[in-house]
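Asker: Structure in structure tokens, see below.
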Amino acid sequence: MRLCRRLRHLPLTLALAGAVLAVSPVLLAAILVAPHAVFMDHRSRTGQVFLVNTGDAPEEVTIDLKYGYPATDSTGTVFIRLIEQPDSTEPSAAAWIKAYPRRAVLAPGQRQVVRLLATPPAGLPDGEYWSRIIATSRGSKVAVVGGDSAISAGLLLELRTIISLSYRKGAVHTGVAVTDLRAIRQGDSLVVWFGAERQGNAAFLGTLTYQLVDATGKVRGEWETPVAVYYPLSRRYVFALDSVPAGPYTVRMNLTTARNDLDQKHILPAPPVTRSVDVEVR
Amino acid sequence: MRPRAASLLLAGLALVVAPGRLVAQSVATASFGATAVIDNTAVTIGQLNGLNFGFVVRGTPTTIGPKTALAGKFVIHGSKNAEVRITFALPTVLTVGPNSMPISFADDPVAGKMGCHRNQDQQNNCATYTPSAPLVVRIRNNAPPQNTFYVWIGGRVSPAVAQQPGTYTGLVTMSAVYTGN
């Protein structure tokens with residue numbers, strides 16, 4: 001609830017971000033995008049994103065929506081799978097949510113509200129529909145001045161910030177099934193493979209906690225990470241073992257829907273999931 | 001009152017530390033303290049230093065290493081401990097009109113890998129990597145303004161012996177994607 005109250009002050013508090021960034025060294029080009037996850041519902045069909053030019057030069061910012069979701073490759077690394085033309089079976093909201101304005105030129109320190117308006121197709125089934133919001137900014141030019149015979153070289157910069165958008169209609173529910181949990185020691189690191197599948201009609205957004213427990217039951221290491229499960233994924237996590245002594249251990253995994261970085265009203269509840277696996281540290 | 005007082009203090013600090021940034025400062029004085037909101041809902045990517053080779057000599061390649069003062073420097077502020085995938089779309093040539101000049105971000109026999117990253121502003125201690133490869137990292141698990149991740153980029157241009165004069169430029173696209181993980 002405290003976070004909910006705070007979010008009402010988001011436009012005002014965005015100004016504070018400018019002050020925080022002002023403490024940093026001068027930024028040649030910088031765009032602040034907030035929030036980092038947008039939630040819309042079928043009742044209001046609206047949403048908004050704030051852009052702030054926190055750099056020292058004008059920035060031209062464009063907003064695009066594309067269908068996409070987090071996925072993993074064969075190495076267990078996460079990436080965002082962006083699909084230009086999703087077929088009708090994909091829960092894409094990219095085609096029927098529009099951003100206004102789609103383009104703006106922001107002076108240094110200027111703030112712009114981008115309003116999102118959904119016009120979903122008639123008869124849209126209950127469920128959650130996804131898109132990614134891509135904010136692309138282009139700004140400063142290379143400032144190299146030479147004589148007629150001089151050769152100089154520099155680079156122009158384009159910054160892209162990609163955040164998530166979720167549109168919920170009617171009854172939405174989520175859950176997660178853990179399909180894989182393996183742990184091995186590699187060098188001075190603990191490598192954990194984690195596989196999961198979403199249950200229900202909405203993405204599972206939660207927090208994954210690993211504890212490394214020794215034979216006496218003492219917790220010798222603990223790591224926490226946010227997790228998002230849209231489609232089946234297989235993640236590889238690497239944690240530093242530091243000064244953990246050799247011996248037999250158990251890795252305890254706990255997966256809940258708690259998220260520190262999201263407004264609680266957007267959290268869909270789901271039963272926690274716990275698993276454990278043994279690992280030998282030599 | 002305490003959060004408001006804290007924000008005013010922070011705004012005052014901004015005025016002292018960055019006297020040239022008047023726009024941001026003026027709005028900051030009107031804000032209310034809620035740094036947690038900013039920390040948890042905003043993402044900023046910014047360029048602190050441009051990769052600029054300046055004047056180059058015909059027939060002489062110029063290399064800027066990622067751990068040098070001339071390297072391009074980028075910073076991301078975001079949600080504490082959030083996972084971000086950072087990618088660069090890099091040019092292979094710089095152009096001016098019909099003329100072009102090769103540029104490379106591949107590993108260099110002398111300068112090594114052309115990218116470097118760390119969650120703090122410590123260029124000397126950053127971990128090198130090849131910038132054409134994606135980087136999946138976590139924002140530093142600290143309160144603002146220490147909720148950071150830094151990337152440095154170097155490169156190498158190779159002007160030909162008969163290179164035509166001009167200011168050669170190319171477009172670099174840096175993407176920061178919140179993975180939600």
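By order in the structure tokens, chains are A, B, ...; within a chain, residues start at 1; ligands start at 1, following the order shown.
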Using DSSP on the backbone coordinates, identify the residues of segment 8-251 of chain A assigned to helix (DSSP H, G or I); present them as a list in words.
Answerer: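 In segment 8-251 of chain A, DSSP puts these residues in helix (DSSP H, G or I): Arg8, Leu10, Pro11, Leu12, Thr13, Leu14, Ala15, Leu16, Ala17, Gly18, Ala19, Val20, Leu21, Ala22 and Val23 of chain A.
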Asker: Residues of segment 7-178 of chain B in strand (DSSP E) according to DSSP, as a ChimeraX atom specification?
Answerer: /B:43-49,52-55,62-64,72-77,83-89,93-96,99-104,115-118,127-129,135-138,148-153,155-157,166-178
Asker: Near Val161 of chain B, within 12 Å and counting only C-alpha atoms, which residues show up once chain neighbours fewer than 6 positions away are dropped, as a ChimeraX atom specification?
Answerer: /A:151 /B:56-61,101
Asker: List as a list in words the protein and nucleic acid residues near Arg185 of chain A, meaning an atom at most 10 Å away when only C-alpha atoms are counted, but skip any in the same chain fewer than 5 places from it.
Answerer: Leu190, Val191, Val192, Val238, Phe239, Ala240, Leu241, Val279, Glu280, Val281 and Arg282 of chain A
Asker: For the residues selected in the previous step, produce a file with N, CA and C atoms as a compact mmCIF listing (two decimals), in the first residue's frame.
Answerer:
```txt
# COMPACT_ATOMS: atom_id res chain seq x y z
N LEU A 190 29.04 -21.27 -8.07
CA LEU A 190 27.94 -22.23 -8.04
C LEU A 190 27.08 -21.95 -9.26
N VAL A 191 26.90 -22.97 -10.08
CA VAL A 191 26.07 -22.82 -11.28
C VAL A 191 24.76 -23.56 -11.05
N VAL A 192 23.68 -22.84 -11.20
CA VAL A 192 22.35 -23.42 -11.01
C VAL A 192 21.56 -23.30 -12.31
N VAL A 238 24.80 -18.04 -12.14
CA VAL A 238 26.15 -18.25 -11.61
C VAL A 238 26.32 -17.38 -10.38
N PHE A 239 26.68 -18.01 -9.27
CA PHE A 239 26.86 -17.28 -8.02
C PHE A 239 28.28 -17.54 -7.49
N ALA A 240 28.89 -16.49 -6.99
CA ALA A 240 30.24 -16.63 -6.43
C ALA A 240 30.17 -17.38 -5.10
N LEU A 241 31.03 -18.38 -4.96
CA LEU A 241 31.04 -19.15 -3.71
C LEU A 241 31.92 -18.51 -2.65
N VAL A 279 24.51 -30.58 -3.79
CA VAL A 279 25.69 -30.21 -4.56
C VAL A 279 26.92 -30.40 -3.66
N GLU A 280 28.00 -30.82 -4.29
CA GLU A 280 29.25 -31.03 -3.57
C GLU A 280 30.20 -29.88 -3.88
N VAL A 281 30.68 -29.23 -2.84
CA VAL A 281 31.67 -28.16 -3.03
C VAL A 281 33.02 -28.71 -2.60
N ARG A 282 33.96 -28.73 -3.55
CA ARG A 282 35.30 -29.27 -3.24
C ARG A 282 36.32 -28.16 -3.13
```
Asker: As a list in words, please: the residues near Phe55 of chain B (cut-off 8 Å, only C-alpha atoms, same-chain neighbours under 2 positions excluded).
Answerer: Gly146, Ala150, Ile151, Ser152 and Ala153 of chain A; Phe53 and Val57 of chain B
Asker: Include N, CA and C atoms and write out the residues we just selected as a short mmCIF file (atom, residue, chain, number, x, y, z; two decimals), in the first residue's frame.
Answerer:
```
data_model
loop_
_atom_site.label_atom_id
_atom_site.label_comp_id
_atom_site.auth_asym_id
_atom_site.auth_seq_id
_atom_site.Cartn_x
_atom_site.Cartn_y
_atom_site.Cartn_z
N GLY A 146 37.46 20.57 -38.38
CA GLY A 146 38.82 20.61 -38.91
C GLY A 146 38.87 21.43 -40.18
N ALA A 150 41.45 18.08 -43.38
CA ALA A 150 41.52 17.22 -42.19
C ALA A 150 40.60 16.01 -42.33
N ILE A 151 41.01 14.93 -41.65
CA ILE A 151 40.17 13.73 -41.57
C ILE A 151 39.86 13.50 -40.10
N SER A 152 38.61 13.41 -39.77
CA SER A 152 38.23 13.14 -38.39
C SER A 152 37.16 12.06 -38.37
N ALA A 153 37.02 11.42 -37.22
CA ALA A 153 36.09 10.29 -37.12
C ALA A 153 35.40 10.30 -35.77
N PHE B 53 37.26 9.73 -32.19
CA PHE B 53 38.65 9.50 -32.57
C PHE B 53 39.37 10.80 -32.92
N VAL B 57 45.19 10.22 -39.05
CA VAL B 57 46.21 10.40 -40.07
C VAL B 57 46.02 9.35 -41.17
#
```
Asker: Which is closer to chain B than all the others in A:Thr207, A:Gln112, A:Ser74, A:Gln48, using only C-alpha atoms?
Answerer: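 Nearest to chain B: A:Thr207.
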Asker: Kindly provide the residues of segment 120-188 of chain A that approach segment 70-90 of chain B to within 10 Å, each paired with its closest atom pair and their distance in Å to one decimal, based on only C-alpha atoms, listed by chain and increasing number, as a tab-separated table.
Answerer:
```
residue	atom	partner	partner_atom	distance
A:Leu155	CA	B:Gly72	CA	9.5
A:Glu158	CA	B:Ala89	CA	9.4
A:Leu159	CA	B:Phe88	CA	9.5
A:Arg160	CA	B:Thr87	CA	9.6
A:Thr161	CA	B:Ile86	CA	9.6
A:Ile162	CA	B:Arg85	CA	9.7
```
